[in-house]
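Structure file input.cif with mmCIF, C-alpha atoms (C1' of nucleotides):
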```
data_input
#
loop_
_atom_site.label_atom_id
_atom_site.label_comp_id
_atom_site.auth_asym_id
_atom_site.auth_seq_id
_atom_site.Cartn_x
_atom_site.Cartn_y
_atom_site.Cartn_z
CA MET S 1 -18.12 70.16 14.37
CA LYS S 2 -19.22 73.70 14.77
CA LEU S 3 -17.99 77.23 14.71
CA SER S 4 -18.11 79.29 17.89
CA THR S 5 -19.71 82.70 18.04
CA ARG S 6 -16.27 84.29 18.00
CA GLY S 7 -15.72 83.43 14.36
CA ARG S 8 -19.27 84.23 13.34
CA TYR S 9 -19.42 87.54 15.18
CA GLY S 10 -15.97 88.41 13.94
CA VAL S 11 -16.88 87.92 10.31
CA LYS S 12 -20.12 89.85 10.73
CA ALA S 13 -18.26 92.72 12.34
CA MET S 14 -15.56 92.72 9.71
CA PHE S 15 -18.26 92.67 7.05
CA GLU S 16 -19.65 95.89 8.54
CA LEU S 17 -16.21 97.47 8.38
CA ALA S 18 -15.85 96.30 4.79
CA LEU S 19 -19.13 97.97 3.84
CA HIS S 20 -17.84 101.25 5.29
CA HIS S 21 -14.34 100.88 3.92
CA GLY S 22 -12.99 104.23 2.79
CA GLY S 23 -15.47 106.12 4.94
CA THR S 24 -15.59 107.11 8.59
CA PRO S 25 -14.62 104.72 11.40
CA VAL S 26 -17.34 102.46 12.72
CA SER S 27 -17.79 102.17 16.48
CA ILE S 28 -18.33 98.96 18.38
CA LYS S 29 -21.66 100.30 19.55
CA GLU S 30 -22.93 100.71 15.99
CA ILE S 31 -21.84 97.22 14.98
CA ALA S 32 -23.29 95.70 18.12
CA GLU S 33 -26.65 97.29 17.37
CA ARG S 34 -26.72 96.46 13.67
CA GLN S 35 -25.65 92.85 14.19
CA ASN S 36 -27.39 92.29 17.50
CA ILE S 37 -24.22 91.31 19.33
CA SER S 38 -23.18 92.12 22.90
CA GLU S 39 -21.14 95.31 22.93
CA TYR S 40 -18.82 94.12 25.68
CA TYR S 41 -18.22 90.82 23.98
CA LEU S 42 -17.38 92.55 20.71
CA GLU S 43 -14.77 94.63 22.53
CA GLN S 44 -12.79 91.51 23.27
CA LEU S 45 -12.98 90.32 19.70
CA PHE S 46 -11.81 93.66 18.37
CA SER S 47 -8.96 93.66 20.83
CA ASN S 48 -7.76 90.45 19.23
CA LEU S 49 -8.37 91.68 15.71
CA ARG S 50 -6.41 94.85 16.38
CA LYS S 51 -3.47 93.04 17.96
CA ALA S 52 -3.40 90.77 14.93
CA GLY S 53 -3.23 93.80 12.68
CA LEU S 54 -6.48 93.22 10.82
CA VAL S 55 -8.10 96.46 12.00
CA LYS S 56 -6.92 99.87 13.12
CA SER S 57 -8.54 101.77 15.97
CA ILE S 58 -9.24 105.47 16.26
CA ARG S 59 -9.75 106.41 19.87
CA GLY S 60 -11.87 109.17 21.30
CA ALA S 61 -15.12 110.74 20.17
CA GLN S 62 -16.13 109.98 16.59
CA GLY S 63 -13.62 107.18 16.72
CA GLY S 64 -14.06 103.51 15.96
CA TYR S 65 -12.45 100.89 13.81
CA VAL S 66 -11.38 100.63 10.17
CA LEU S 67 -9.90 97.79 8.17
CA SER S 68 -6.10 97.81 8.04
CA ARG S 69 -6.14 96.52 4.49
CA PRO S 70 -8.64 96.66 1.64
CA PRO S 71 -11.42 94.03 1.87
CA GLU S 72 -10.02 92.05 -1.04
CA GLU S 73 -6.81 91.49 0.92
CA ILE S 74 -8.50 90.12 4.05
CA THR S 75 -9.58 86.50 3.95
CA ILE S 76 -12.02 84.62 6.13
CA ALA S 77 -9.04 82.51 7.14
CA ASP S 78 -7.34 85.64 8.50
CA ILE S 79 -10.31 86.32 10.73
CA PHE S 80 -10.81 82.73 11.82
CA ASN S 81 -7.15 82.28 12.64
CA VAL S 82 -7.31 85.20 15.04
CA LEU S 83 -10.65 84.45 16.68
CA GLU S 84 -10.99 80.68 16.47
CA GLY S 85 -7.36 79.73 16.38
CA PRO S 86 -5.93 77.47 13.71
CA ILE S 87 -8.00 74.55 12.52
CA GLU S 88 -7.10 71.70 14.81
CA VAL S 89 -8.64 68.65 13.33
CA SER S 90 -6.28 66.62 15.47
CA ASP S 91 -3.51 67.11 17.97
CA CYS S 92 -1.92 64.13 16.33
CA ILE S 93 0.33 66.55 14.49
CA THR S 94 1.78 68.22 17.56
CA GLN S 95 1.64 65.31 19.99
CA GLU S 96 2.91 62.52 17.82
CA MET S 97 4.10 60.46 20.74
CA ASN S 98 0.63 59.68 22.01
CA CYS S 99 -0.32 57.90 18.84
CA SER S 100 0.29 54.21 18.66
CA ARG S 101 2.46 53.57 15.61
CA ILE S 102 -0.01 51.33 13.87
CA ASN S 103 -2.50 54.08 13.09
CA TYR S 104 -0.23 57.06 13.22
CA CYS S 105 0.30 57.55 9.56
CA ALA S 106 -3.11 56.73 8.15
CA THR S 107 -5.30 58.90 10.33
CA ARG S 108 -2.76 61.70 10.48
CA LEU S 109 -2.83 61.85 6.69
CA LEU S 110 -6.60 62.09 6.81
CA TRP S 111 -6.63 64.96 9.31
CA LEU S 112 -4.03 66.71 7.20
CA LYS S 113 -6.11 66.36 4.04
CA ILE S 114 -9.24 67.63 5.76
CA SER S 115 -7.64 70.64 7.38
CA ASN S 116 -5.85 71.54 4.15
CA SER S 117 -9.11 71.44 2.25
CA ILE S 118 -10.86 73.62 4.78
CA ASN S 119 -8.00 76.08 4.80
CA ASP S 120 -8.12 76.26 1.00
CA ILE S 121 -11.72 77.43 1.14
CA LEU S 122 -11.17 79.94 3.90
CA ASN S 123 -8.01 81.30 2.30
CA SER S 124 -9.68 81.79 -1.07
CA THR S 125 -12.63 83.78 0.24
CA THR S 126 -12.09 87.47 1.00
CA LEU S 127 -14.24 90.06 2.68
CA GLN S 128 -14.72 91.63 -0.74
CA ASP S 129 -16.30 88.38 -1.95
CA VAL S 130 -18.81 88.61 0.89
CA VAL S 131 -19.53 92.24 0.06
CA ASN S 132 -20.02 91.33 -3.61
CA ASP S 133 -22.46 88.58 -2.68
CA TYR S 134 -24.30 91.07 -0.54
CA ASN S 135 -24.48 93.61 -3.36
CA ASN S 136 -25.70 91.00 -5.81
CA LEU S 137 -28.48 89.99 -3.47
CA GLN S 138 -29.43 93.63 -2.93
CA GLU S 139 -29.65 93.99 -6.71
CA LYS S 140 -31.84 90.92 -7.13
CA THR S 141 -34.29 91.81 -4.40
CA LYS S 142 -34.60 95.42 -5.54
CA GLY S 143 -38.23 96.40 -5.75
CA LYS S 144 -39.41 93.20 -4.15
CA GLU S 145 -39.49 94.64 -0.63
CA GLU S 146 -42.85 95.26 0.97
CA MET R 1 -12.46 75.67 14.93
CA LYS R 2 -11.61 72.25 16.09
CA LEU R 3 -12.81 68.70 16.04
CA SER R 4 -13.71 67.04 19.33
CA THR R 5 -12.28 63.73 20.42
CA ARG R 6 -15.58 62.06 19.56
CA GLY R 7 -14.99 62.42 15.85
CA ARG R 8 -11.31 61.58 16.04
CA TYR R 9 -11.75 58.53 18.25
CA GLY R 10 -14.69 57.44 16.15
CA VAL R 11 -12.71 57.50 12.91
CA LYS R 12 -9.79 55.69 14.54
CA ALA R 13 -12.11 53.01 15.84
CA MET R 14 -13.90 52.64 12.52
CA PHE R 15 -10.50 52.41 10.84
CA GLU R 16 -9.68 49.43 13.04
CA LEU R 17 -12.94 47.78 12.04
CA ALA R 18 -12.16 48.50 8.39
CA LEU R 19 -8.79 46.78 8.71
CA HIS R 20 -10.53 43.68 10.08
CA HIS R 21 -13.44 43.81 7.66
CA GLY R 22 -14.46 40.33 6.58
CA GLY R 23 -12.79 38.77 9.59
CA THR R 24 -13.81 38.23 13.19
CA PRO R 25 -15.54 40.92 15.27
CA VAL R 26 -13.32 43.38 17.10
CA SER R 27 -14.03 44.14 20.74
CA ILE R 28 -14.01 47.57 22.31
CA LYS R 29 -11.22 46.43 24.59
CA GLU R 30 -8.96 45.61 21.65
CA ILE R 31 -9.63 48.92 19.95
CA ALA R 32 -9.15 50.83 23.18
CA GLU R 33 -5.76 49.20 23.67
CA ARG R 34 -4.54 49.59 20.09
CA GLN R 35 -5.64 53.20 19.82
CA ASN R 36 -4.98 54.16 23.42
CA ILE R 37 -8.52 55.37 24.05
CA SER R 38 -10.59 54.98 27.20
CA GLU R 39 -12.60 51.78 27.01
CA TYR R 40 -15.57 53.30 28.80
CA TYR R 41 -15.60 56.34 26.59
CA LEU R 42 -15.49 54.19 23.46
CA GLU R 43 -18.57 52.36 24.73
CA GLN R 44 -20.59 55.53 24.38
CA LEU R 45 -19.32 56.22 20.89
CA PHE R 46 -20.11 52.72 19.70
CA SER R 47 -23.56 52.96 21.17
CA ASN R 48 -24.16 55.92 18.88
CA LEU R 49 -22.54 54.28 15.88
CA ARG R 50 -24.67 51.19 16.32
CA LYS R 51 -27.91 53.11 16.68
CA ALA R 52 -27.01 55.01 13.51
CA GLY R 53 -26.55 51.70 11.69
CA LEU R 54 -22.87 52.12 10.86
CA VAL R 55 -21.76 49.08 12.86
CA LYS R 56 -23.30 45.84 13.98
CA SER R 57 -22.68 44.32 17.39
CA ILE R 58 -22.19 40.69 18.29
CA ARG R 59 -22.82 40.19 21.97
CA GLY R 60 -21.29 37.62 24.27
CA ALA R 61 -17.88 36.00 24.36
CA GLN R 62 -15.80 36.34 21.18
CA GLY R 63 -18.19 39.09 20.22
CA GLY R 64 -17.46 42.65 19.26
CA TYR R 65 -18.26 44.99 16.43
CA VAL R 66 -18.17 44.78 12.64
CA LEU R 67 -18.91 47.32 9.94
CA SER R 68 -22.48 47.23 8.66
CA ARG R 69 -21.33 48.08 5.16
CA PRO R 70 -18.07 47.62 3.26
CA PRO R 71 -15.43 50.31 3.99
CA GLU R 72 -15.84 51.89 0.57
CA GLU R 73 -19.46 52.63 1.38
CA ILE R 74 -18.81 54.40 4.68
CA THR R 75 -17.67 58.00 4.48
CA ILE R 76 -15.98 60.16 7.05
CA ALA R 77 -19.08 62.33 6.84
CA ASP R 78 -21.19 59.36 7.97
CA ILE R 79 -19.07 59.02 11.08
CA PHE R 80 -18.86 62.73 11.83
CA ASN R 81 -22.58 63.20 11.42
CA VAL R 82 -23.20 60.60 14.09
CA LEU R 83 -20.52 61.61 16.58
CA GLU R 84 -20.07 65.34 16.02
CA GLY R 85 -23.50 66.19 14.71
CA PRO R 86 -23.97 68.05 11.45
CA ILE R 87 -21.60 70.84 10.60
CA GLU R 88 -23.15 73.93 12.10
CA VAL R 89 -21.15 76.79 10.83
CA SER R 90 -24.01 79.04 11.85
CA ASP R 91 -27.47 78.82 13.33
CA CYS R 92 -28.40 81.55 10.93
CA ILE R 93 -29.99 78.93 8.74
CA THR R 94 -32.39 77.60 11.34
CA GLN R 95 -32.98 80.78 13.30
CA GLU R 96 -33.43 83.27 10.54
CA MET R 97 -35.45 85.65 12.66
CA ASN R 98 -32.57 86.58 14.93
CA CYS R 99 -30.59 88.02 12.08
CA SER R 100 -30.97 91.64 11.30
CA ARG R 101 -32.08 91.88 7.70
CA ILE R 102 -29.18 93.96 6.53
CA ASN R 103 -26.61 91.19 6.86
CA TYR R 104 -28.86 88.19 6.67
CA CYS R 105 -28.24 87.26 3.10
CA ALA R 106 -24.53 87.94 2.76
CA THR R 107 -23.17 86.08 5.75
CA ARG R 108 -25.69 83.28 5.43
CA LEU R 109 -24.44 82.67 1.91
CA LEU R 110 -20.89 82.52 3.25
CA TRP R 111 -21.71 79.97 5.95
CA LEU R 112 -23.55 77.94 3.37
CA LYS R 113 -20.58 77.92 1.00
CA ILE R 114 -18.18 76.94 3.75
CA SER R 115 -20.28 74.11 5.14
CA ASN R 116 -20.98 72.80 1.66
CA SER R 117 -17.29 72.72 0.87
CA ILE R 118 -16.45 70.91 4.07
CA ASN R 119 -19.23 68.40 3.50
CA ASP R 120 -17.94 67.77 -0.02
CA ILE R 121 -14.59 66.71 1.37
CA LEU R 122 -16.01 64.54 4.11
CA ASN R 123 -18.55 62.92 1.80
CA SER R 124 -15.96 62.05 -0.80
CA THR R 125 -13.58 60.30 1.59
CA THR R 126 -14.39 56.73 2.57
CA LEU R 127 -12.92 54.39 5.15
CA GLN R 128 -11.44 52.43 2.26
CA ASP R 129 -9.49 55.52 1.21
CA VAL R 130 -7.98 55.70 4.68
CA VAL R 131 -7.12 52.01 4.56
CA ASN R 132 -5.52 52.47 1.15
CA ASP R 133 -3.41 55.36 2.44
CA TYR R 134 -2.36 53.17 5.33
CA ASN R 135 -1.38 50.31 3.04
CA ASN R 136 0.59 52.64 0.78
CA LEU R 137 2.52 53.99 3.74
CA GLN R 138 3.18 50.47 4.97
CA GLU R 139 4.57 49.66 1.54
CA LYS R 140 6.82 52.70 1.43
CA THR R 141 8.28 52.20 4.89
CA LYS R 142 8.89 48.49 4.38
CA GLY R 143 12.39 47.57 5.49
CA LYS R 144 13.05 51.00 6.93
CA GLU R 145 11.99 50.03 10.45
CA GLU R 146 14.61 49.70 13.11
"C1'" DA D 1 -15.09 120.42 30.10
"C1'" DC D 2 -17.59 116.73 28.31
"C1'" DA D 3 -19.41 113.16 25.73
"C1'" DT D 4 -17.78 109.54 23.09
"C1'" DA D 5 -14.77 106.08 22.19
"C1'" DT D 6 -11.21 102.55 22.75
"C1'" DC D 7 -8.40 99.75 26.11
"C1'" DC D 8 -7.55 96.33 29.68
"C1'" DG D 9 -8.14 92.93 33.07
"C1'" DA D 10 -10.96 90.38 35.95
"C1'" DG D 11 -14.87 87.60 37.06
"C1'" DT D 12 -18.76 84.26 36.16
"C1'" DA D 13 -22.79 81.23 35.02
"C1'" DA D 14 -23.96 77.82 31.85
"C1'" DA D 15 -22.83 74.50 28.65
"C1'" DA D 16 -19.93 71.21 26.47
"C1'" DT D 17 -16.32 68.00 26.71
"C1'" DT D 18 -14.22 63.96 28.24
"C1'" DG D 19 -14.38 60.90 30.66
"C1'" DT D 20 -15.74 56.94 34.89
"C1'" DC D 21 -18.39 53.64 36.79
"C1'" DA D 22 -21.86 50.07 38.19
"C1'" DA D 23 -25.31 46.97 36.99
"C1'" DT D 24 -27.45 44.10 33.52
"C1'" DT D 25 -27.93 41.14 29.56
"C1'" DT D 26 -26.23 38.11 26.07
"C1'" DT D 27 -23.62 34.29 24.30
"C1'" DA D 28 -19.56 31.26 22.94
"C1'" DT D 29 -17.15 27.77 24.87
"C1'" DA D 30 -15.11 24.54 28.26
"C1'" DT Q 1 -24.50 23.92 32.89
"C1'" DA Q 2 -21.09 27.04 34.65
"C1'" DT Q 3 -18.07 30.59 33.44
"C1'" DA Q 4 -15.95 34.24 31.35
"C1'" DA Q 5 -16.17 37.54 27.72
"C1'" DA Q 6 -18.44 41.12 25.85
"C1'" DA Q 7 -22.19 44.42 24.67
"C1'" DT Q 8 -25.95 47.62 26.80
"C1'" DT Q 9 -27.65 51.13 29.61
"C1'" DG Q 10 -27.92 54.99 32.49
"C1'" DA Q 11 -26.05 57.86 35.80
"C1'" DC Q 12 -22.50 60.75 37.52
"C1'" DA Q 13 -18.47 64.02 37.72
"C1'" DA Q 14 -14.26 66.73 36.87
"C1'" DT Q 15 -12.50 69.91 33.78
"C1'" DT Q 16 -12.57 73.10 30.13
"C1'" DT Q 17 -14.69 76.20 27.06
"C1'" DT Q 18 -18.01 79.49 25.84
"C1'" DA Q 19 -20.22 83.63 25.98
"C1'" DC Q 20 -20.69 86.87 28.11
"C1'" DT Q 21 -20.63 91.04 32.07
"C1'" DC Q 22 -18.45 94.62 34.46
"C1'" DG Q 23 -15.40 98.43 36.29
"C1'" DG Q 24 -12.38 101.58 35.54
"C1'" DA Q 25 -8.55 103.81 32.80
"C1'" DT Q 26 -7.14 106.36 28.79
"C1'" DA Q 27 -7.63 109.08 24.63
"C1'" DT Q 28 -9.78 112.70 21.70
"C1'" DG Q 29 -13.04 115.47 18.72
"C1'" DT Q 30 -16.28 119.23 19.68
#
```
As structure tokens - that is how I would like this structure written.
Amino acid sequence: MKLSTRGRYGVKAMFELALHHGGTPVSIKEIAERQNISEYYLEQLFSNLRKAGLVKSIRGAQGGYVLSRPPEEITIADIFNVLEGPIEVSDCITQEMNCSRINYCATRLLWLKISNSINDILNSTTLQDVVNDYNNLQEKTKGKEE
Amino acid sequence: MKLSTRGRYGVKAMFELALHHGGTPVSIKEIAERQNISEYYLEQLFSNLRKAGLVKSIRGAQGGYVLSRPPEEITIADIFNVLEGPIEVSDCITQEMNCSRINYCATRLLWLKISNSINDILNSTTLQDVVNDYNNLQEKTKGKEE
DNA sequence: ACATATCCGAGTAAAATTGTCAATTTTATA
DNA sequence: TATAAAATTGACAATTTTACTCGGATATGT
């Protein structure tokens, strides 16, 4: 069970926007360089993020992207839902007919419990939480750099 | 973010073994029929489960598979670890050098929190829990069948 | 005008997924 | 002892997904 790069890159990119929230737009090029991600690939991700309403774009020179909402109102679940799709622990829920009746209920309940638990975590963590963690770490390592 | 069929099929198969725990061995053919899974595909999964020590095989006629440990001592995490591999939310943890320093700490902490939370759920759910859920549902639906 | 951006759709190589299959070995039982 | 049931192993293959790459169009601050 793993996360694809879409979710990872997406969170990293959104984290960059969160750091600059309130300031000037951040371009894909900047993010791609800072996070070491393919510029063209990021374009696609931002296309999805924009259509989902998580970011706003400013076209033309000096343009870029900004968060549509403050970082504390954007959850990791929001980002994952757009870029990774919903958590599909099992298709048992949508394709009930394929399941033999004998196991249907027991395993379905398990998948439901697992996906609910995962969603709880993702829903309760916001971009602001990630920024706060980052700031705390910056504070702790202050003066320890070479 | 989704689970592959390996994990799903594996849990379903192990659930069948849990139901028969203490009784006669269950063959791959039986499980494949009851759970509507490819017999040949299940072979591969059981090969992994056996090598990991989760099940024991009895070869020859009337043979099959049995759980190596009682159902309450086998967690969903045990099964997933064998069939899906460990939860890799990010390779940031193993390949630290690829991360630009500026984001390294913040997103790594996030991936760590997420994977820990998921592992907590999977570690705390045993095959016996799934069997209990199944029995409870059987109880509730008693007499309601057509 | 021009450089800097987003926007959009198409294509693509590599990897992972989800199987299938054939041949062999083991063993309970008739 | 012969037979059938069943695990064991390793190879192969179709399909899908992933992770990009690219070309051009459109928009806009300077």
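The result of the PyMOL selection byres ((chain S) within 6 of (chain Q)) on the shown file is Arg59, Gly60 and Ala61 of chain S.
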Could you build a table of the residues in chain D lying no more than 6 Å from chain R, giving for each the nearest pair of atoms and their separation in Å rounded to one decimal place, using only C-alpha atoms (C1' of nucleotides), ordered by chain and ascending residue number, as a tab-separated table?
```
residue	atom	partner	partner_atom	distance
D:DT26	C1'	R:Gly60	CA	5.3
D:DT27	C1'	R:Gly60	CA	4.1
D:DA28	C1'	R:Ala61	CA	5.2
```
ask   = Please, what distance in Å, to one decimal, runs between atom CA of S:Gly64 and atom CA of S:Val26?
value =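 Atom-to-atom, atom CA of S:Gly64 and atom CA of S:Val26 are spaced 4.7 Å apart.
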task = Considering all atoms listed in the file, extract the chain S residues located within 9 Å of chain R and return them as a ChimeraX atom specification.
result = /S:1-5,7-8,11-12,15-16,34-36,80-81,84-90,98-100,102-103,105-107,109-111,113-114,117-118,121-122,125,130-135,137-138
Let's have the selection written as an mmCIF file, keeping the file's coordinate frame, with C-alpha atoms.
```
data_model
loop_
_atom_site.group_PDB
_atom_site.id
_atom_site.type_symbol
_atom_site.label_atom_id
_atom_site.label_comp_id
_atom_site.auth_asym_id
_atom_site.auth_seq_id
_atom_site.Cartn_x
_atom_site.Cartn_y
_atom_site.Cartn_z
ATOM 1 C CA MET S 1 -18.120 70.160 14.370
ATOM 2 C CA LYS S 2 -19.220 73.700 14.770
ATOM 3 C CA LEU S 3 -17.990 77.230 14.710
ATOM 4 C CA SER S 4 -18.110 79.290 17.890
ATOM 5 C CA THR S 5 -19.710 82.700 18.040
ATOM 6 C CA GLY S 7 -15.720 83.430 14.360
ATOM 7 C CA ARG S 8 -19.270 84.230 13.340
ATOM 8 C CA VAL S 11 -16.880 87.920 10.310
ATOM 9 C CA LYS S 12 -20.120 89.850 10.730
ATOM 10 C CA PHE S 15 -18.260 92.670 7.050
ATOM 11 C CA GLU S 16 -19.650 95.890 8.540
ATOM 12 C CA ARG S 34 -26.720 96.460 13.670
ATOM 13 C CA GLN S 35 -25.650 92.850 14.190
ATOM 14 C CA ASN S 36 -27.390 92.290 17.500
ATOM 15 C CA PHE S 80 -10.810 82.730 11.820
ATOM 16 C CA ASN S 81 -7.150 82.280 12.640
ATOM 17 C CA GLU S 84 -10.990 80.680 16.470
ATOM 18 C CA GLY S 85 -7.360 79.730 16.380
ATOM 19 C CA PRO S 86 -5.930 77.470 13.710
ATOM 20 C CA ILE S 87 -8.000 74.550 12.520
ATOM 21 C CA GLU S 88 -7.100 71.700 14.810
ATOM 22 C CA VAL S 89 -8.640 68.650 13.330
ATOM 23 C CA SER S 90 -6.280 66.620 15.470
ATOM 24 C CA ASN S 98 0.630 59.680 22.010
ATOM 25 C CA CYS S 99 -0.320 57.900 18.840
ATOM 26 C CA SER S 100 0.290 54.210 18.660
ATOM 27 C CA ILE S 102 -0.010 51.330 13.870
ATOM 28 C CA ASN S 103 -2.500 54.080 13.090
ATOM 29 C CA CYS S 105 0.300 57.550 9.560
ATOM 30 C CA ALA S 106 -3.110 56.730 8.150
ATOM 31 C CA THR S 107 -5.300 58.900 10.330
ATOM 32 C CA LEU S 109 -2.830 61.850 6.690
ATOM 33 C CA LEU S 110 -6.600 62.090 6.810
ATOM 34 C CA TRP S 111 -6.630 64.960 9.310
ATOM 35 C CA LYS S 113 -6.110 66.360 4.040
ATOM 36 C CA ILE S 114 -9.240 67.630 5.760
ATOM 37 C CA SER S 117 -9.110 71.440 2.250
ATOM 38 C CA ILE S 118 -10.860 73.620 4.780
ATOM 39 C CA ILE S 121 -11.720 77.430 1.140
ATOM 40 C CA LEU S 122 -11.170 79.940 3.900
ATOM 41 C CA THR S 125 -12.630 83.780 0.240
ATOM 42 C CA VAL S 130 -18.810 88.610 0.890
ATOM 43 C CA VAL S 131 -19.530 92.240 0.060
ATOM 44 C CA ASN S 132 -20.020 91.330 -3.610
ATOM 45 C CA ASP S 133 -22.460 88.580 -2.680
ATOM 46 C CA TYR S 134 -24.300 91.070 -0.540
ATOM 47 C CA ASN S 135 -24.480 93.610 -3.360
ATOM 48 C CA LEU S 137 -28.480 89.990 -3.470
ATOM 49 C CA GLN S 138 -29.430 93.630 -2.930
#
```
ask   = What is the atom CA of S:Pro25 to atom CA of S:Lys56 distance in Å?
value =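 So the two atoms, atom CA of S:Pro25 and atom CA of S:Lys56, lie 9.3 Å apart.
In this model, the gap between atom CA of R:Ile37 and atom CA of R:Tyr9 comes to 7.4 Å.
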Non-local contacts of S:Ala18 (8 Å; all atoms listed in the file; under 5 positions in same chain excluded) as a list in words =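 Near neighbours after the sequence-gap exclusion: Leu67, Pro70, Pro71, Leu127, Gln128 and Val131 of chain S.
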Quick one: stretch 38-56 of chain R with C-alpha atoms, as a compact mmCIF listing (two decimals), in the first residue's frame?
```txt
# COMPACT_ATOMS: atom_id res chain seq x y z
CA SER R 38 -8.57 -17.02 -9.40
CA GLU R 39 -7.12 -20.28 -8.12
CA TYR R 40 -3.78 -19.70 -9.82
CA TYR R 41 -3.49 -16.20 -8.49
CA LEU R 42 -4.23 -17.37 -4.95
CA GLU R 43 -1.38 -19.86 -5.29
CA GLN R 44 1.07 -17.00 -5.50
CA LEU R 45 -0.40 -15.23 -2.50
CA PHE R 46 -0.29 -18.34 -0.36
CA SER R 47 3.28 -18.94 -1.36
CA ASN R 48 4.12 -15.57 0.15
CA LEU R 49 1.98 -16.11 3.22
CA ARG R 50 3.63 -19.44 3.89
CA LYS R 51 7.15 -18.13 3.48
CA ALA R 52 6.26 -15.34 5.90
CA GLY R 53 5.11 -17.93 8.43
CA LEU R 54 1.49 -16.84 8.62
CA VAL R 55 0.10 -20.14 7.35
CA LYS R 56 1.21 -23.74 7.32
```
